[in-house]
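Participant: What follows is entry-v1.cif; its format and atoms are mmCIF, C-alpha atoms.
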```cif
data_upload
#
loop_
_atom_site.label_atom_id
_atom_site.label_comp_id
_atom_site.auth_asym_id
_atom_site.auth_seq_id
_atom_site.Cartn_x
_atom_site.Cartn_y
_atom_site.Cartn_z
CA MET A 1 -6.83 2.83 -5.63
CA ALA A 2 -4.94 1.03 -8.42
CA PHE A 3 -6.80 -1.87 -10.10
CA GLU A 4 -10.19 -0.63 -8.87
CA GLY A 5 -11.69 -0.55 -12.38
CA LEU A 6 -10.18 -3.94 -13.24
CA THR A 7 -11.46 -5.46 -10.00
CA ASP A 8 -15.01 -4.26 -10.70
CA LYS A 9 -14.98 -5.68 -14.24
CA LEU A 10 -13.56 -9.05 -13.19
CA ASN A 11 -16.09 -9.34 -10.37
CA LYS A 12 -18.92 -8.82 -12.89
CA VAL A 13 -17.47 -11.55 -15.12
CA PHE A 14 -17.22 -14.03 -12.27
CA SER A 15 -20.65 -13.11 -10.90
CA LYS A 16 -22.15 -14.32 -14.18
CA LEU A 17 -20.30 -17.62 -13.88
CA ARG A 18 -21.40 -18.09 -10.26
CA GLY A 19 -25.01 -17.71 -11.38
CA LYS A 20 -24.73 -20.83 -13.55
CA GLY A 21 -25.19 -24.29 -12.09
CA ARG A 22 -23.00 -25.80 -14.78
CA VAL A 23 -20.43 -24.07 -16.94
CA SER A 24 -19.81 -25.00 -20.57
CA GLU A 25 -16.73 -24.45 -22.68
CA SER A 26 -18.52 -21.63 -24.51
CA ASP A 27 -19.27 -19.97 -21.13
CA VAL A 28 -15.58 -20.10 -20.26
CA ARG A 29 -14.49 -18.67 -23.60
CA GLU A 30 -17.05 -15.86 -23.35
CA ALA A 31 -15.87 -15.06 -19.81
CA MET A 32 -12.25 -15.03 -20.98
CA ARG A 33 -13.11 -12.63 -23.79
CA GLU A 34 -14.48 -10.26 -21.16
CA VAL A 35 -11.38 -10.78 -19.00
CA ARG A 36 -9.27 -9.93 -22.06
CA LEU A 37 -11.15 -6.66 -22.61
CA ALA A 38 -10.89 -5.79 -18.92
CA LEU A 39 -7.10 -6.28 -18.95
CA LEU A 40 -6.67 -4.25 -22.14
CA GLU A 41 -8.75 -1.43 -20.65
CA ALA A 42 -6.48 -1.57 -17.59
CA ASP A 43 -3.60 -0.75 -19.97
CA VAL A 44 -1.92 -4.16 -19.74
CA ASN A 45 0.51 -4.88 -22.57
CA TYR A 46 -1.31 -6.48 -25.54
CA LYS A 47 1.07 -9.45 -25.91
CA VAL A 48 0.93 -10.07 -22.14
CA VAL A 49 -2.90 -10.12 -22.28
CA LYS A 50 -2.89 -12.48 -25.25
CA ASP A 51 -0.57 -14.98 -23.54
CA PHE A 52 -2.40 -14.68 -20.22
CA VAL A 53 -5.86 -15.35 -21.70
CA LYS A 54 -4.57 -18.24 -23.79
CA SER A 55 -2.95 -19.95 -20.78
CA ALA A 56 -5.94 -19.35 -18.47
CA THR A 57 -8.46 -20.55 -21.08
CA GLU A 58 -6.56 -23.77 -21.74
CA ARG A 59 -6.58 -24.57 -18.02
CA CYS A 60 -10.22 -23.56 -17.50
CA VAL A 61 -11.70 -25.72 -20.27
CA GLY A 62 -10.21 -28.86 -18.79
CA ALA A 63 -12.61 -31.64 -17.75
CA ASP A 64 -11.62 -31.34 -14.08
CA VAL A 65 -12.95 -27.76 -14.08
CA LEU A 66 -16.07 -28.06 -16.24
CA GLU A 67 -17.22 -31.22 -14.47
CA SER A 68 -16.49 -29.83 -11.02
CA LEU A 69 -19.31 -29.19 -8.56
CA THR A 70 -18.03 -25.62 -8.21
CA PRO A 71 -16.73 -24.70 -11.69
CA ALA A 72 -16.91 -20.93 -11.12
CA GLN A 73 -14.71 -21.22 -8.02
CA GLN A 74 -12.24 -23.39 -9.92
CA ILE A 75 -12.03 -20.81 -12.72
CA ILE A 76 -11.46 -17.97 -10.23
CA LYS A 77 -8.73 -20.06 -8.59
CA ILE A 78 -7.02 -20.56 -11.95
CA VAL A 79 -7.23 -16.85 -12.85
CA ASN A 80 -5.80 -16.04 -9.42
CA GLN A 81 -2.89 -18.41 -10.00
CA GLU A 82 -2.27 -17.00 -13.50
CA LEU A 83 -2.32 -13.40 -12.22
CA THR A 84 0.13 -14.35 -9.47
CA ALA A 85 2.46 -16.00 -11.99
CA LEU A 86 2.13 -12.99 -14.30
CA MET A 87 3.45 -10.68 -11.57
CA GLY A 88 6.29 -13.00 -10.57
CA GLY A 89 4.87 -15.69 -8.32
CA SER A 90 6.28 -14.53 -4.97
CA HIS A 91 8.12 -11.65 -3.34
CA VAL A 92 11.83 -11.46 -4.19
CA LYS A 93 13.96 -10.16 -1.33
CA LEU A 94 16.94 -7.86 -1.79
CA ASN A 95 20.31 -9.53 -2.23
CA THR A 96 22.72 -8.77 0.59
CA ALA A 97 26.50 -8.60 0.45
CA GLY A 98 28.61 -11.31 2.06
CA ARG A 99 30.79 -8.49 3.34
CA PRO A 100 28.87 -5.25 4.02
CA PRO A 101 27.92 -2.80 2.75
CA THR A 102 25.21 -3.93 0.36
CA VAL A 103 25.14 -1.39 -2.49
CA VAL A 104 21.81 -0.52 -4.10
CA MET A 105 21.61 1.81 -7.11
CA ILE A 106 18.30 3.68 -7.41
CA VAL A 107 17.67 4.69 -11.02
CA GLY A 108 14.75 6.15 -12.96
CA LEU A 109 13.38 9.06 -14.96
CA GLN A 110 12.67 12.48 -13.47
CA GLY A 111 9.21 12.67 -11.94
CA SER A 112 8.97 8.95 -11.16
CA GLY A 113 9.49 9.54 -7.43
CA LYS A 114 13.04 8.19 -7.49
CA THR A 115 14.56 10.29 -4.70
CA THR A 116 11.61 10.06 -2.30
CA ASN A 117 11.04 6.34 -2.83
CA GLY A 118 14.74 5.59 -2.53
CA ALA A 119 14.63 7.32 0.86
CA LYS A 120 11.45 5.41 1.78
CA LEU A 121 13.28 2.17 1.02
CA ALA A 122 16.14 3.27 3.28
CA GLY A 123 13.59 3.91 6.04
CA LEU A 124 12.09 0.45 5.53
CA MET A 125 15.55 -1.14 5.71
CA LYS A 126 16.23 0.78 8.94
CA LYS A 127 13.04 -0.68 10.46
CA GLN A 128 14.36 -4.12 9.55
CA GLY A 129 17.51 -3.54 11.58
CA LYS A 130 19.82 -2.26 8.83
CA ARG A 131 22.06 0.82 9.08
CA PRO A 132 21.51 2.43 5.67
CA LEU A 133 23.36 5.37 4.14
CA LEU A 134 21.86 7.51 1.39
CA ALA A 135 24.29 8.79 -1.25
CA ALA A 136 23.35 12.00 -3.12
CA CYS A 137 24.58 11.40 -6.67
CA ASP A 138 21.92 13.42 -8.51
CA VAL A 139 24.09 16.51 -8.96
CA TYR A 140 22.12 18.10 -11.79
CA ARG A 141 18.52 18.56 -10.67
CA PRO A 142 18.01 21.73 -8.65
CA ALA A 143 17.57 21.02 -4.93
CA ALA A 144 17.89 17.22 -5.40
CA ILE A 145 20.62 17.02 -2.75
CA LYS A 146 18.62 19.18 -0.35
CA GLN A 147 15.51 17.04 -0.94
CA LEU A 148 17.44 13.89 -0.05
CA GLU A 149 18.86 15.52 3.08
CA VAL A 150 15.38 16.62 4.20
CA VAL A 151 13.72 13.19 3.77
CA GLY A 152 16.80 11.45 5.17
CA GLY A 153 16.61 13.67 8.24
CA GLN A 154 12.91 12.89 8.71
CA LEU A 155 13.65 9.16 8.54
CA GLY A 156 16.77 9.34 10.69
CA VAL A 157 18.94 8.04 7.83
CA PRO A 158 22.34 9.73 7.22
CA VAL A 159 23.03 11.28 3.81
CA PHE A 160 26.45 11.34 2.15
CA GLU A 161 26.91 14.31 -0.19
CA ARG A 162 29.76 16.18 -1.85
CA GLY A 163 27.81 18.92 -3.58
CA GLN A 164 27.66 19.09 -7.36
CA GLY A 165 30.80 17.12 -8.05
CA ASP A 166 31.51 13.99 -10.09
CA PRO A 167 28.67 11.50 -9.37
CA VAL A 168 30.90 8.49 -10.05
CA LYS A 169 33.48 9.70 -7.52
CA ILE A 170 30.75 10.57 -4.98
CA ALA A 171 29.27 7.06 -5.26
CA SER A 172 32.67 5.44 -4.69
CA GLU A 173 33.42 7.70 -1.73
CA ALA A 174 30.00 6.93 -0.24
CA VAL A 175 30.75 3.20 -0.25
CA GLU A 176 34.14 3.79 1.43
CA HIS A 177 32.47 6.06 3.98
CA ALA A 178 29.93 3.31 4.76
CA LYS A 179 32.73 0.79 5.33
CA ARG A 180 34.48 3.12 7.77
CA HIS A 181 31.34 4.13 9.69
CA GLY A 182 29.57 0.79 9.96
CA ASN A 183 26.74 1.38 7.48
CA ASP A 184 25.75 -2.03 6.12
CA MET A 185 23.73 -0.67 3.19
CA VAL A 186 24.32 2.17 0.72
CA LEU A 187 21.45 3.44 -1.43
CA ILE A 188 22.74 5.57 -4.30
CA ASP A 189 20.29 8.20 -5.58
CA THR A 190 21.33 8.71 -9.20
CA ALA A 191 20.39 11.42 -11.68
CA GLY A 192 17.31 11.15 -13.85
CA ARG A 193 16.21 12.76 -17.09
CA LEU A 194 12.84 13.66 -18.54
CA HIS A 195 13.65 11.19 -21.32
CA ILE A 196 16.15 8.36 -21.67
CA ASP A 197 19.33 9.53 -23.40
CA GLN A 198 22.81 8.14 -23.99
CA GLU A 199 24.51 10.63 -21.65
CA LEU A 200 22.36 9.44 -18.74
CA MET A 201 22.98 5.78 -19.49
CA ASP A 202 26.74 6.30 -19.84
CA GLU A 203 26.85 7.95 -16.41
CA LEU A 204 24.82 5.16 -14.81
CA LYS A 205 27.06 2.54 -16.43
CA ALA A 206 30.12 4.34 -15.02
CA ILE A 207 28.64 4.34 -11.50
CA LYS A 208 27.76 0.65 -11.87
CA ALA A 209 31.34 -0.16 -12.94
CA ALA A 210 32.79 1.88 -10.05
CA VAL A 211 30.74 0.48 -7.14
CA ALA A 212 29.63 -2.97 -8.42
CA PRO A 213 26.10 -2.72 -6.94
CA HIS A 214 24.40 -5.83 -5.56
CA GLU A 215 21.03 -4.44 -6.68
CA ILE A 216 19.90 -1.95 -9.34
CA LEU A 217 16.32 -0.91 -8.64
CA LEU A 218 14.37 1.05 -11.21
CA VAL A 219 11.68 3.40 -9.88
CA VAL A 220 8.72 3.68 -12.26
CA ASP A 221 5.49 5.62 -11.90
CA ALA A 222 2.43 3.34 -11.99
CA MET A 223 0.37 6.26 -13.30
CA THR A 224 2.29 6.30 -16.61
CA GLY A 225 0.99 2.88 -17.72
CA GLN A 226 2.83 1.37 -20.66
CA ASP A 227 5.37 4.22 -20.65
CA ALA A 228 6.60 2.72 -17.37
CA VAL A 229 7.03 -0.65 -19.10
CA ASN A 230 8.92 0.98 -21.98
CA ALA A 231 11.21 2.75 -19.50
CA ALA A 232 11.82 -0.55 -17.71
CA GLN A 233 12.83 -2.20 -20.99
CA ALA A 234 15.25 0.62 -21.82
CA PHE A 235 16.92 0.71 -18.40
CA ASP A 236 17.11 -3.08 -18.27
CA GLY A 237 18.74 -3.23 -21.70
CA ALA A 238 21.42 -0.75 -20.64
CA LEU A 239 22.01 -1.67 -17.00
CA ASP A 240 20.53 -5.16 -16.45
CA ILE A 241 18.34 -3.97 -13.57
CA SER A 242 17.58 -6.44 -10.80
CA GLY A 243 14.07 -5.24 -10.00
CA VAL A 244 11.47 -2.51 -9.99
CA LEU A 245 10.14 -0.20 -7.29
CA MET A 246 6.70 0.92 -8.45
CA SER A 247 5.60 4.28 -7.09
CA LYS A 248 2.07 5.69 -6.79
CA LEU A 249 0.43 2.27 -6.77
CA ASP A 250 -2.14 3.72 -4.39
CA GLY A 251 -3.39 6.24 -6.97
CA ASP A 252 -6.03 5.85 -9.65
CA ALA A 253 -3.64 4.02 -11.96
CA ARG A 254 -5.33 1.38 -14.06
CA GLY A 255 -2.68 -1.13 -13.01
CA GLY A 256 -1.40 -2.12 -16.44
CA ALA A 257 2.23 -1.38 -15.62
CA ALA A 258 2.23 -3.65 -12.54
CA LEU A 259 0.72 -6.49 -14.57
CA SER A 260 3.09 -6.03 -17.52
CA VAL A 261 6.56 -5.24 -16.15
CA ARG A 262 7.55 -8.75 -15.07
CA ALA A 263 6.25 -10.41 -18.22
CA VAL A 264 7.93 -7.89 -20.55
CA THR A 265 11.30 -7.47 -18.80
CA GLY A 266 11.57 -10.66 -16.77
CA LYS A 267 12.49 -8.51 -13.74
CA PRO A 268 10.32 -8.57 -10.59
CA ILE A 269 8.56 -5.72 -8.84
CA ARG A 270 10.35 -5.73 -5.47
CA PHE A 271 8.60 -2.85 -3.67
CA ALA A 272 5.57 -0.61 -4.08
CA GLY A 273 5.05 2.99 -3.01
CA VAL A 274 1.52 3.17 -1.60
CA GLY A 275 1.15 6.75 -0.38
CA GLU A 276 2.81 10.09 0.17
CA LYS A 277 4.03 9.47 3.73
CA LEU A 278 7.63 8.37 4.16
CA ASP A 279 6.58 5.02 5.62
CA ALA A 280 4.18 4.34 2.73
CA ILE A 281 6.24 1.63 1.06
CA GLU A 282 5.82 -2.13 1.25
CA PRO A 283 7.31 -5.30 -0.26
CA PHE A 284 5.42 -6.32 -3.40
CA HIS A 285 3.79 -9.73 -2.99
CA PRO A 286 2.30 -10.96 -6.32
CA GLU A 287 0.03 -13.51 -4.64
CA ARG A 288 -1.45 -10.87 -2.33
CA MET A 289 -1.91 -8.35 -5.15
CA ALA A 290 -3.67 -10.97 -7.29
CA SER A 291 -6.01 -11.67 -4.39
CA ARG A 292 -6.81 -7.95 -4.06
CA ILE A 293 -7.40 -7.59 -7.79
CA LEU A 294 -9.99 -10.39 -7.62
CA GLY A 295 -11.73 -8.76 -4.63
CA MET A 296 -10.55 -11.47 -2.24
CA GLY A 297 -8.82 -9.09 0.17
CA ASP A 298 -5.30 -9.13 1.56
CA MET A 299 -5.39 -10.07 5.22
CA LEU A 300 -1.64 -10.79 5.49
CA THR A 301 -0.67 -7.25 4.47
CA LEU A 302 -3.35 -5.82 6.78
CA ILE A 303 -1.98 -7.86 9.71
CA GLU A 304 1.57 -6.72 8.93
CA LYS A 305 0.44 -3.08 8.83
CA ALA A 306 -1.30 -3.51 12.17
CA GLU A 307 1.80 -5.12 13.73
CA GLN A 308 4.01 -2.27 12.49
CA THR A 309 1.77 0.63 13.52
CA LEU A 310 -0.39 -0.47 16.45
CA ASP A 311 0.86 -0.51 20.03
CA ALA A 312 -0.01 -4.03 21.24
CA LYS A 313 0.42 -3.17 24.92
CA LYS A 314 -1.77 -0.08 24.63
CA ALA A 315 -4.38 -2.01 22.64
CA SER A 316 -4.52 -4.66 25.38
CA GLU A 317 -5.00 -1.97 28.04
CA MET A 318 -7.75 -0.37 25.93
CA GLU A 319 -9.54 -3.70 25.59
CA LYS A 320 -9.38 -4.24 29.35
CA ARG A 321 -10.79 -0.77 30.02
CA LEU A 322 -13.55 -1.35 27.48
CA ARG A 323 -14.57 -4.63 29.12
CA GLN A 324 -14.56 -2.98 32.55
CA ASN A 325 -16.73 -0.14 31.23
CA LYS A 326 -13.95 2.38 31.96
CA PHE A 327 -13.36 3.31 28.32
CA THR A 328 -13.39 7.11 27.86
CA LEU A 329 -13.46 9.49 24.92
CA THR A 330 -9.73 10.04 25.52
CA ASP A 331 -9.16 6.31 24.91
CA PHE A 332 -11.47 6.51 21.92
CA TYR A 333 -9.41 9.39 20.46
CA GLU A 334 -6.16 7.44 20.90
CA GLN A 335 -7.69 4.48 19.06
CA PHE A 336 -8.58 6.78 16.18
CA GLY A 337 -4.98 7.96 16.01
CA GLN A 338 -3.65 4.40 15.82
CA LEU A 339 -6.16 3.49 13.11
CA ARG A 340 -5.28 6.56 11.03
CA SER A 341 -1.59 5.64 11.21
CA MET A 342 -2.40 2.47 9.22
CA GLY A 343 -3.52 4.49 6.19
CA SER A 344 -6.81 5.49 4.63
CA LEU A 345 -10.00 3.69 5.66
CA THR A 346 -10.69 2.89 2.00
CA ASP A 347 -7.36 1.09 1.63
CA ILE A 348 -7.81 -0.79 4.91
CA ALA A 349 -11.34 -1.87 3.95
CA GLY A 350 -10.05 -2.93 0.52
CA MET A 351 -7.80 -5.49 2.22
CA LEU A 352 -10.77 -7.16 3.90
CA PRO A 353 -12.15 -10.14 1.93
CA GLY A 354 -15.72 -9.86 0.70
CA VAL A 355 -16.06 -6.09 1.21
CA ASP A 356 -18.50 -4.62 -1.31
CA LYS A 357 -16.93 -1.91 -3.48
CA ARG A 358 -20.10 0.14 -3.04
CA MET A 359 -19.39 0.18 0.67
CA LEU A 360 -15.86 1.42 0.01
CA ALA A 361 -17.27 4.28 -2.04
CA SER A 362 -19.35 5.33 0.95
CA VAL A 363 -16.39 5.45 3.35
CA ASP A 364 -16.17 9.05 4.54
CA GLU A 365 -12.57 9.84 5.48
CA LYS A 366 -13.64 13.34 6.59
CA ALA A 367 -16.03 11.88 9.18
CA MET A 368 -13.07 10.55 11.14
CA ALA A 369 -11.40 13.98 11.07
CA ARG A 370 -14.64 15.59 12.30
CA THR A 371 -14.86 13.07 15.14
CA GLU A 372 -11.30 13.85 16.19
CA ALA A 373 -12.00 17.59 16.03
CA ILE A 374 -15.05 17.21 18.30
CA ILE A 375 -13.09 15.24 20.91
CA GLN A 376 -10.16 17.70 20.74
CA SER A 377 -12.60 20.55 21.47
CA MET A 378 -13.55 18.94 24.81
CA THR A 379 -11.76 19.52 28.08
CA PRO A 380 -9.99 16.52 29.70
CA ARG A 381 -12.78 16.39 32.31
CA GLU A 382 -15.46 16.30 29.59
CA ARG A 383 -13.70 13.48 27.73
CA ASP A 384 -13.51 11.37 30.90
CA ASN A 385 -17.07 12.25 32.00
CA PRO A 386 -19.23 12.79 28.87
CA GLU A 387 -22.36 12.70 31.05
CA ILE A 388 -21.60 16.28 32.18
CA LEU A 389 -22.00 17.59 28.62
CA ASN A 390 -25.05 19.83 28.88
CA SER A 391 -26.40 22.08 26.13
CA PRO A 392 -24.03 25.05 26.69
CA ARG A 393 -21.01 22.74 26.70
CA LYS A 394 -22.17 21.01 23.51
CA ARG A 395 -22.66 24.37 21.77
CA ARG A 396 -19.12 25.40 22.77
CA ILE A 397 -17.67 22.09 21.49
CA ALA A 398 -19.61 22.34 18.21
CA LYS A 399 -18.39 25.88 17.64
CA GLY A 400 -14.81 24.94 18.49
CA SER A 401 -14.76 21.98 16.09
CA GLY A 402 -16.72 23.62 13.27
CA VAL A 403 -19.65 21.20 13.36
CA ARG A 404 -23.30 21.25 14.42
CA VAL A 405 -24.57 20.38 17.89
CA GLU A 406 -26.38 17.46 16.21
CA ASP A 407 -22.98 16.05 15.19
CA VAL A 408 -21.77 16.22 18.80
CA ASN A 409 -24.92 14.42 19.98
CA LYS A 410 -24.49 11.79 17.26
CA LEU A 411 -20.92 11.06 18.36
CA LEU A 412 -21.93 10.78 22.02
CA LYS A 413 -24.77 8.44 21.10
CA GLN A 414 -22.48 6.22 19.02
CA PHE A 415 -19.90 6.17 21.82
CA ASP A 416 -22.55 5.15 24.35
CA MET A 417 -23.87 2.42 22.04
CA MET A 418 -20.34 1.08 21.53
CA LYS A 419 -19.81 0.86 25.30
CA GLN A 420 -23.13 -0.96 25.69
CA LEU A 421 -22.24 -3.40 22.95
CA ALA A 422 -18.80 -4.06 24.45
CA LYS A 423 -20.39 -4.71 27.82
CA GLN A 424 -22.83 -7.20 26.27
CA LEU A 425 -20.09 -8.89 24.23
CA SER A 426 -17.95 -9.35 27.33
CA SER A 427 -20.83 -11.35 28.82
CA GLY A 428 -21.33 -13.30 25.57
CA ARG A 429 -24.57 -11.61 24.48
CA ILE A 430 -25.43 -9.20 21.66
CA PRO A 431 -28.40 -6.99 22.47
CA LYS A 432 -31.12 -7.16 19.81
CA GLY A 433 -31.59 -3.43 19.74
CA LEU A 434 -27.91 -2.82 18.95
CA LYS A 435 -27.33 -5.42 16.25
CA GLY A 436 -26.63 -3.60 12.97
CA ARG A 437 -27.14 -0.17 14.57
CA LEU A 438 -23.60 1.16 14.86
CA PRO A 439 -23.14 3.48 11.86
CA GLY A 440 -19.57 4.58 11.35
CA PHE A 441 -17.97 1.82 13.47
#
```
Represent the structure from my file as structure tokens, please.
Facilitator:
Amino acid sequence: MAFEGLTDKLNKVFSKLRGKGRVSESDVREAMREVRLALLEADVNYKVVKDFVKSATERCVGADVLESLTPAQQIIKIVNQELTALMGGSHVKLNTAGRPPTVVMIVGLQGSGKTTNGAKLAGLMKKQGKRPLLAACDVYRPAAIKQLEVVGGQLGVPVFERGQGDPVKIASEAVEHAKRHGNDMVLIDTAGRLHIDQELMDELKAIKAAVAPHEILLVVDAMTGQDAVNAAQAFDGALDISGVLMSKLDGDARGGAALSVRAVTGKPIRFAGVGEKLDAIEPFHPERMASRILGMGDMLTLIEKAEQTLDAKKASEMEKRLRQNKFTLTDFYEQFGQLRSMGSLTDIAGMLPGVDKRMLASVDEKAMARTEAIIQSMTPRERDNPEILNSPRKRRIAKGSGVRVEDVNKLLKQFDMMKQLAKQLSSGRIPKGLKGRLPGF
């Protein structure tokens, strides 16, 4: 996960401050030196780090902080505010046209994830009630048009293409097509290059002049660090981009690009690609990202993910069945499916405030897959009546799911304990023998 190394280092710095009853100016300056090193190691632009540390230090050595009863908390609050400001302060929504369609140019270098993330953005806009149209204007890269058609088809978003013709003409025709067919948004997938060159920029300028886009979003790869910032500067200088879509922010990127782009270019990160699935894109909220960097969680994003992916009616029915002691392994399996649709367990746990990073490291994603495999290897009757699972049945299930009989027994024991706990909770009591004894749940 991006920022993981930075989060660990900052937590160590602040742990030292929390251990002090009173904090002196020298303590603050020493802590800020460590913050500076942590940011530089995270590949944040040197000038950005210098300005950030200077501003944060000046605020932290004020009398209202040093003489506070909780100076460490005040310092963390200030660093949180400075990080939020560094990344733009708040989420910036897309501009929309007074008269549809809204035209969005998607630009970027080859390999940045431009085509896929442009399609992801179209899918996100569709979820928000828009009627987007994807325009295939990358006429040079082999299979680029086919790639856009495939992802567009998976998302249920139409694709306008005219083969390997003039990209400027195709972009203009796409906008006219949208007007005639009621599409209120056009996302233009433009050509990329391995490196920035004048030919590319001239073509992008021509498309911009022809369609007068309301937004020009640059897709940059978070994994490329300061190269992403350099690309953002170059594209901004030529096209005056309106924002950035940062891809692969869920990877092991050190996070320097996300913390540098706004400060260096003045243009906000509007969206972030957070996975390989076509729905793995989300609006970029600086205040939430700053909170996650400081290990304070991100409950708002977690709630939004849950609202988008979980079936509220089904969840209510499940809760009722659980309270009535009618919850079966079939219900349990469906709950697993809904949870998996929210993303990896590590990412979900990372959004919870106060979760120890060591606990995240111990999250076994494969354990969930094994549990699903065990349940899938049962017959419908066995799932609804696990008490009939005798030794021969357990051996058959273990063989069918590729696990040991001990793993089947462990799952059944955990399921039984969960039902007992739910029964006790519904009556307002937690049994002593169960408290803290539900591994994996």
Participant: I want to know what sits within 7 Å of range 159-170 of chain A, based on all atoms listed in the file, with residues of the same chain fewer than 6 positions away left out; could you give that as a PyMOL selection string?
Facilitator: chain A and resi 133-137+139+149+152+206-207+210
Participant: Separation of CA of Asn230 in chain A and CA of Ile216 in chain A, in Å?
Facilitator: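 According to the coordinates, CA of Asn230 in chain A and CA of Ile216 in chain A are separated by 17.0 Å.
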Participant: Leaving out Asp384 in chain A and any residue of its chain fewer than 6 positions from it, which residues lie within 10 Å of it when counting all atoms listed in the file, given as a ChimeraX atom specification?
Facilitator: /A:326-331,378
Participant: On this file, the PyMOL selection byres ((chain A and resi 241) around 7) gives some set of residues; write that set as a list in words.
Facilitator: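 Checking the PyMOL selection byres ((chain A and resi 241) around 7) against this file, the residues are Ile216, Leu217, Leu218, Phe235, Asp236, Leu239, Asp240, Ser242 and Gly243 of chain A.
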Participant: Expanded to explicit residues, what is the PyMOL selection byres ((chain A and resi 293) around 8) for this file, as an mmCIF file with C-alpha atoms, in the coordinates of the input?
Facilitator:
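Just written: expr02.cif:
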```cif
data_model
loop_
_atom_site.group_PDB
_atom_site.id
_atom_site.type_symbol
_atom_site.label_atom_id
_atom_site.label_comp_id
_atom_site.auth_asym_id
_atom_site.auth_seq_id
_atom_site.Cartn_x
_atom_site.Cartn_y
_atom_site.Cartn_z
ATOM 1 C CA PHE A 3 -6.800 -1.870 -10.100
ATOM 2 C CA GLU A 4 -10.190 -0.630 -8.870
ATOM 3 C CA LEU A 6 -10.180 -3.940 -13.240
ATOM 4 C CA THR A 7 -11.460 -5.460 -10.000
ATOM 5 C CA MET A 289 -1.910 -8.350 -5.150
ATOM 6 C CA ALA A 290 -3.670 -10.970 -7.290
ATOM 7 C CA SER A 291 -6.010 -11.670 -4.390
ATOM 8 C CA ARG A 292 -6.810 -7.950 -4.060
ATOM 9 C CA LEU A 294 -9.990 -10.390 -7.620
ATOM 10 C CA GLY A 295 -11.730 -8.760 -4.630
ATOM 11 C CA MET A 296 -10.550 -11.470 -2.240
#
```
Participant: Hey, can you check how far CA of Gly113 in chain A sits from CA of Lys126 in chain A?
Facilitator: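 It comes out at 19.8 Å.
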Participant: For the PyMOL selection byres ((chain A and resi 99) around 12), applied here, can you spell out every residue it catches as a PyMOL selection string?
Facilitator: chain A and resi 95-98+100-103+178-179+182-185+214
